[in-house]
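What follows is a single structure, written as structure tokens, with notes after it.
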Amino acid sequence: MRVGVVYDAGSGDWDPKDVAAVLDNVRTVQKALRSGGHETTLIPVTLGDVRWLQKVQRCDVIFNLCEGVNGIARYEDYAVAALDLTRVPFTGCTSWTVTIAHRKHIANTLFAAHGVPVPPFALAKRGVVPTALKFPVIVKPSGEDASVGIDSGAVCTTRKALKERLAKVAGLWEDTLVQEYVPGREVNVGFVGSEMLPISEINFENMPDGSWPIVTYAAKWDSGSPEDLGTEPVCPAPLGPELARKVASVARSAWQLIGQENGYGRVDIRITPDGQPYVLEVNPNPDISADAGLARMASVRGWDYDTLILKVVDEALGRAERRREAEALYLKIPV
Ligand SMILES: Nc1ncnc2c1ncn2[C@@H]1O[C@H](COP(=O)(O)OP(=O)(O)O)[C@@H](O)[C@H]1O
Ligand SMILES: [Mg+2]
């Protein structure tokens with residue numbers, strides 16, 4: 001098949017390191033696709049120029065690696081929506097999923113309405129400090145990911161500290177979420193379509209003294225930093241059968257609700273010391289590079305990297321086929 005690999009071409013002010021990381025990922029995915037006998041074509045996406053869609057149109061299926069356009073995260077949603085309009089099958093989550101998941105206050109409202117356990121939260125609109133939450137709380141952007149805005153100061157134990165934190169982050173991003181802090185363990189549950197991958201845990205034992213056990217921006221992006229070394233992934237997570245079942249059930253409900261079991265995703269969960277899992281978020285199209293969490297979980301499942309990539313393509317093709325059948329049956333539109 002002819003597979004188009006769609007990715008963010010970035011902008012002129014990108015750090016060369018970031019450009020290299022994107023291209024590295026593109027090339028590894030391309031290699032994996034070739035191992036499956038596919039022909040590949042690279043399709044960079046830039047803002048204000050939709051000619052990339054013409055290239056998409058000439059492919060049998062698209063591998064979507066777009067995490068934004070020109071490095072602007074919120075344009076990821078529009079790139080997926082544009083792919084949807086081309087009607088060429090594409091990998092990863094649908095535009096509905098990315099749009100909801102990237103607005104955590106909306107995703108959390110859906111979770112709460114459907115009985116998926118989520119820590120109590122409030123939006124801090126225009127600097128108004130929410131009053132009904134129990135301390136400690138964590139302050140985080142509603143529409144960002146990758147731990148943007150999260151450092152040890154994000155956790156506040158008093159109303160005064162919360163007020164100060166809200167003042168500090170005011171204007172940095174659109175909506176700010178204040179959420180009750182869940183003490184305890186943190187796990188990630190990956191999905192490809194309806195298939196759940198082995199649960200992974202973040203071991204916080206080596207976090208620097210005095211830091212909260214949370215995955216901060218430095219932990220994710222500052223390789224070799226004390227916070228990176230203090231957040232060690234362990235897969236499979238040593239949970240014991242009963243807790244693993246509980247976590248799996250909560251993760252699947254969240255993935256069904258927000259991800260609709262389409263594409264691939266990762267559900268982030270905290271577990272209280274008395275064994276109650278709470279969903280922090282669903283990550284649609286999480287990092288699928290060879291050294292990221294999803295590939296690690298897949299390898300524990302027995303899928304090497306090439307297999308993971310080819311499964312993701314199969315999922316996209318299967319979904320497109322189901323959509324064609326459904327539309328032929330119910331909508332009677334030409335397909
Ligand atoms: N309610 C919470 N209780 C405890 N820790 C949290 C909570 N919300 C976020 N965190 C910590 O912050 C990290 C990032 O938050 P998350 O909601 O997953 O956003 P992101 O999209 O940036 O990954 C989590 O991995 C976790 O360590
Ligand atoms: Mg997260």
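Convention: chains lettered A, B, ... in structure tokens order; per-chain residue numbering from 1; ligands numbered from 1 as shown.
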Dump as CSV the rows for residues of chain A within 9 Å of ligand 1: closest atom pair and distance in Å with one decimal, only C-alpha atoms and all ligand atoms counted, ordered by chain and rising residue number.
```
residue,atom,partner,partner_atom_place_in_ligand_line,distance
A:His102,CA,ligand 1,21 (O),8.3
A:Lys104,CA,ligand 1,17 (O),8.0
A:Val118,CA,ligand 1,1 (N),8.2
A:Pro119,CA,ligand 1,1 (N),5.8
A:Pro120,CA,ligand 1,1 (N),8.1
A:Phe121,CA,ligand 1,1 (N),8.1
A:Pro136,CA,ligand 1,3 (N),8.9
A:Val137,CA,ligand 1,1 (N),7.0
A:Ile138,CA,ligand 1,2 (C),6.0
A:Val139,CA,ligand 1,8 (N),7.9
A:Lys140,CA,ligand 1,15 (O),7.2
A:Pro141,CA,ligand 1,22 (O),7.8
A:Ser142,CA,ligand 1,21 (O),8.3
A:Gly143,CA,ligand 1,21 (O),8.1
A:Glu144,CA,ligand 1,21 (O),6.0
A:Asp145,CA,ligand 1,21 (O),3.3
A:Ala146,CA,ligand 1,22 (O),4.1
A:Ser147,CA,ligand 1,22 (O),3.0
A:Val148,CA,ligand 1,22 (O),5.4
A:Gly149,CA,ligand 1,22 (O),7.6
A:Ile150,CA,ligand 1,12 (O),6.3
A:Asp151,CA,ligand 1,12 (O),8.3
A:Ala154,CA,ligand 1,12 (O),8.5
A:Val155,CA,ligand 1,5 (N),8.2
A:Val178,CA,ligand 1,1 (N),8.3
A:Gln179,CA,ligand 1,1 (N),5.1
A:Glu180,CA,ligand 1,1 (N),5.2
A:Tyr181,CA,ligand 1,3 (N),3.6
A:Val182,CA,ligand 1,3 (N),3.8
A:Pro183,CA,ligand 1,4 (C),6.0
A:Gly184,CA,ligand 1,4 (C),8.0
A:Glu186,CA,ligand 1,27 (O),6.8
A:Val187,CA,ligand 1,25 (O),8.6
A:Asn188,CA,ligand 1,25 (O),8.9
A:Ile202,CA,ligand 1,27 (O),8.7
A:Trp212,CA,ligand 1,5 (N),8.6
A:Pro213,CA,ligand 1,27 (O),6.6
A:Ile214,CA,ligand 1,27 (O),3.3
A:Val215,CA,ligand 1,27 (O),3.9
A:Thr216,CA,ligand 1,13 (C),6.1
A:Tyr217,CA,ligand 1,22 (O),7.7
A:Val267,CA,ligand 1,18 (O),8.5
A:Asp268,CA,ligand 1,18 (O),5.8
A:Ile269,CA,ligand 1,25 (O),8.0
A:Arg270,CA,ligand 1,4 (C),6.6
A:Tyr278,CA,ligand 1,1 (N),8.2
A:Val279,CA,ligand 1,1 (N),8.4
A:Leu280,CA,ligand 1,17 (O),4.9
A:Glu281,CA,ligand 1,17 (O),5.4
A:Val282,CA,ligand 1,18 (O),8.1
A:Asn283,CA,ligand 1,21 (O),7.1
```
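Those residues that approach Gly36 of chain A to within 12 Å, counting only C-alpha atoms, are Met1, Arg2, Val3, Val29, Gln30, Lys31, Ala32, Leu33, Glu39, Thr40, Tyr305, Asp306, Thr307, Leu308, Ile309, Leu310, Lys311, Val312, Val313 and Asp314 of chain A; same-chain residues fewer than 3 positions away are not listed.
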| message | Considering only C-alpha atoms, can you say which of A:Ala328, A:Leu294, A:Ala218, A:Ile258 comes closest to Asn108 of chain A? | response | A:Ile258
| request: List every residue of segment 230-259 of chain A that DSSP, applied to the backbone, labels as alpha helix (DSSP H), and write the result as an MDAnalysis selection string. | output: chainID A and resid 241:254
| task | Please provide the set of residues having any atom within 12 Å of Tyr264 of chain A, restricted to only C-alpha atoms, with same-chain residues fewer than 5 positions apart removed, written as a PyMOL selection string. | result | chain A and resi 63-65+90-94+97-98+189-197+255-256+258-259+282-288+294-295+298+308-309+311-316
How would the residues just chosen look if you wrote them out with C-alpha atoms as a PDB file, in the first residue's frame?
```pdb
ATOM      1  CA  PHE A  63       0.144   7.500   9.236  1.00  0.00           C
ATOM      2  CA  ASN A  64      -0.577  10.611  11.282  1.00  0.00           C
ATOM      3  CA  LEU A  65       2.361  11.840  13.373  1.00  0.00           C
ATOM      4  CA  PHE A  90      -5.697   7.532   8.760  1.00  0.00           C
ATOM      5  CA  THR A  91      -4.047   6.129  11.862  1.00  0.00           C
ATOM      6  CA  GLY A  92      -4.740   7.321  15.367  1.00  0.00           C
ATOM      7  CA  CYS A  93      -7.667   8.988  17.025  1.00  0.00           C
ATOM      8  CA  THR A  94     -10.532  10.738  15.314  1.00  0.00           C
ATOM      9  CA  THR A  97     -11.450  12.325  20.357  1.00  0.00           C
ATOM     10  CA  VAL A  98      -8.526  14.712  20.011  1.00  0.00           C
ATOM     11  CA  VAL A 189      -2.565   2.075  30.297  1.00  0.00           C
ATOM     12  CA  GLY A 190      -2.016   1.919  26.541  1.00  0.00           C
ATOM     13  CA  PHE A 191      -4.539   0.885  23.898  1.00  0.00           C
ATOM     14  CA  VAL A 192      -4.385   0.100  20.203  1.00  0.00           C
ATOM     15  CA  GLY A 193      -7.993  -0.002  19.015  1.00  0.00           C
ATOM     16  CA  SER A 194      -9.776  -2.171  21.560  1.00  0.00           C
ATOM     17  CA  GLU A 195      -6.618  -4.011  22.610  1.00  0.00           C
ATOM     18  CA  MET A 196      -5.206  -3.087  26.009  1.00  0.00           C
ATOM     19  CA  LEU A 197      -1.433  -3.243  26.446  1.00  0.00           C
ATOM     20  CA  TRP A 255     -10.765   4.881  26.604  1.00  0.00           C
ATOM     21  CA  GLN A 256     -14.235   3.806  25.425  1.00  0.00           C
ATOM     22  CA  ILE A 258     -13.192   9.495  25.011  1.00  0.00           C
ATOM     23  CA  GLY A 259     -11.256   7.340  22.551  1.00  0.00           C
ATOM     24  CA  VAL A 282      -6.756  10.186  28.072  1.00  0.00           C
ATOM     25  CA  ASN A 283      -3.865  10.946  25.711  1.00  0.00           C
ATOM     26  CA  PRO A 284      -4.952  10.524  22.102  1.00  0.00           C
ATOM     27  CA  ASN A 285      -2.085   9.632  19.716  1.00  0.00           C
ATOM     28  CA  PRO A 286       0.566   9.575  22.463  1.00  0.00           C
ATOM     29  CA  ASP A 287       4.246   9.587  21.501  1.00  0.00           C
ATOM     30  CA  ILE A 288       4.765   6.519  19.308  1.00  0.00           C
ATOM     31  CA  LEU A 294       3.599   2.977  24.165  1.00  0.00           C
ATOM     32  CA  ALA A 295       6.392   1.086  22.368  1.00  0.00           C
ATOM     33  CA  ALA A 298       3.834  -3.062  23.234  1.00  0.00           C
ATOM     34  CA  LEU A 308       3.202  -2.038  16.744  1.00  0.00           C
ATOM     35  CA  ILE A 309       3.344   0.315  13.741  1.00  0.00           C
ATOM     36  CA  LYS A 311      -1.006  -2.985  13.972  1.00  0.00           C
ATOM     37  CA  VAL A 312      -1.756   0.750  14.120  1.00  0.00           C
ATOM     38  CA  VAL A 313      -2.105   0.791  10.312  1.00  0.00           C
ATOM     39  CA  ASP A 314      -4.345  -2.315  10.384  1.00  0.00           C
ATOM     40  CA  GLU A 315      -6.548  -0.642  12.980  1.00  0.00           C
ATOM     41  CA  ALA A 316      -6.960   2.401  10.704  1.00  0.00           C
TER      42      ALA A 316
END
```
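Atom CA of Pro89 of chain A sits 7.1 Å away from atom CA of Asp60 of chain A.
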| query | Would you give me, as a PyMOL selection string, the residues in segment 34-226 of chain A that DSSP reads as strand (DSSP E)? | reply | chain A and resi 39-45+61-64+121-123+137-141+155-156+176-180+185-192+195-196+200-203
Next, the residues of the selection above should be written as a JSON list (two decimals), in the first residue's frame with C-alpha atoms.
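Ended up saving to result00.json:
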```
[["chain", "number", "residue", "atom", "x", "y", "z"],
["A", 39, "GLU", "CA", 5.55, 2.13, -0.05],
["A", 40, "THR", "CA", 5.92, 5.39, 1.89],
["A", 41, "THR", "CA", 5.76, 9.06, 1.13],
["A", 42, "LEU", "CA", 6.54, 11.87, 3.59],
["A", 43, "ILE", "CA", 3.97, 14.65, 3.92],
["A", 44, "PRO", "CA", 5.04, 17.66, 6.03],
["A", 45, "VAL", "CA", 2.23, 19.93, 7.24],
["A", 61, "VAL", "CA", -3.72, 5.29, 4.10],
["A", 62, "ILE", "CA", -2.11, 7.98, 6.23],
["A", 63, "PHE", "CA", 0.14, 7.50, 9.24],
["A", 64, "ASN", "CA", -0.58, 10.61, 11.28],
["A", 121, "PHE", "CA", -11.86, 19.65, 39.76],
["A", 122, "ALA", "CA", -12.84, 23.21, 38.90],
["A", 123, "LEU", "CA", -11.90, 25.70, 36.24],
["A", 137, "VAL", "CA", -4.72, 20.61, 44.81],
["A", 138, "ILE", "CA", -2.77, 20.66, 41.54],
["A", 139, "VAL", "CA", -2.93, 23.53, 39.06],
["A", 140, "LYS", "CA", -2.59, 22.55, 35.41],
["A", 141, "PRO", "CA", -3.52, 23.83, 31.98],
["A", 155, "VAL", "CA", 0.81, 21.35, 43.86],
["A", 156, "CYS", "CA", -0.64, 23.76, 46.43],
["A", 176, "THR", "CA", -6.62, 26.52, 34.04],
["A", 177, "LEU", "CA", -7.81, 23.45, 35.85],
["A", 178, "VAL", "CA", -7.53, 23.11, 39.62],
["A", 179, "GLN", "CA", -7.87, 19.50, 40.68],
["A", 180, "GLU", "CA", -7.72, 17.65, 43.99],
["A", 185, "ARG", "CA", 0.87, 5.36, 42.67],
["A", 186, "GLU", "CA", 0.69, 6.43, 39.03],
["A", 187, "VAL", "CA", 0.12, 4.09, 36.11],
["A", 188, "ASN", "CA", -0.35, 4.35, 32.35],
["A", 189, "VAL", "CA", -2.56, 2.08, 30.30],
["A", 190, "GLY", "CA", -2.02, 1.92, 26.54],
["A", 191, "PHE", "CA", -4.54, 0.89, 23.90],
["A", 192, "VAL", "CA", -4.39, 0.10, 20.20],
["A", 195, "GLU", "CA", -6.62, -4.01, 22.61],
["A", 196, "MET", "CA", -5.21, -3.09, 26.01],
["A", 200, "SER", "CA", 3.07, 0.47, 33.15],
["A", 201, "GLU", "CA", 3.88, 2.20, 36.45],
["A", 202, "ILE", "CA", 5.98, 5.27, 37.21],
["A", 203, "ASN", "CA", 8.30, 4.58, 40.09]]
```
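Nearest to ligand 2 of all the residues A:Ala219, A:Leu172, A:Val19, A:Ala132 is A:Ala219, counting only C-alpha atoms and all ligand atoms.
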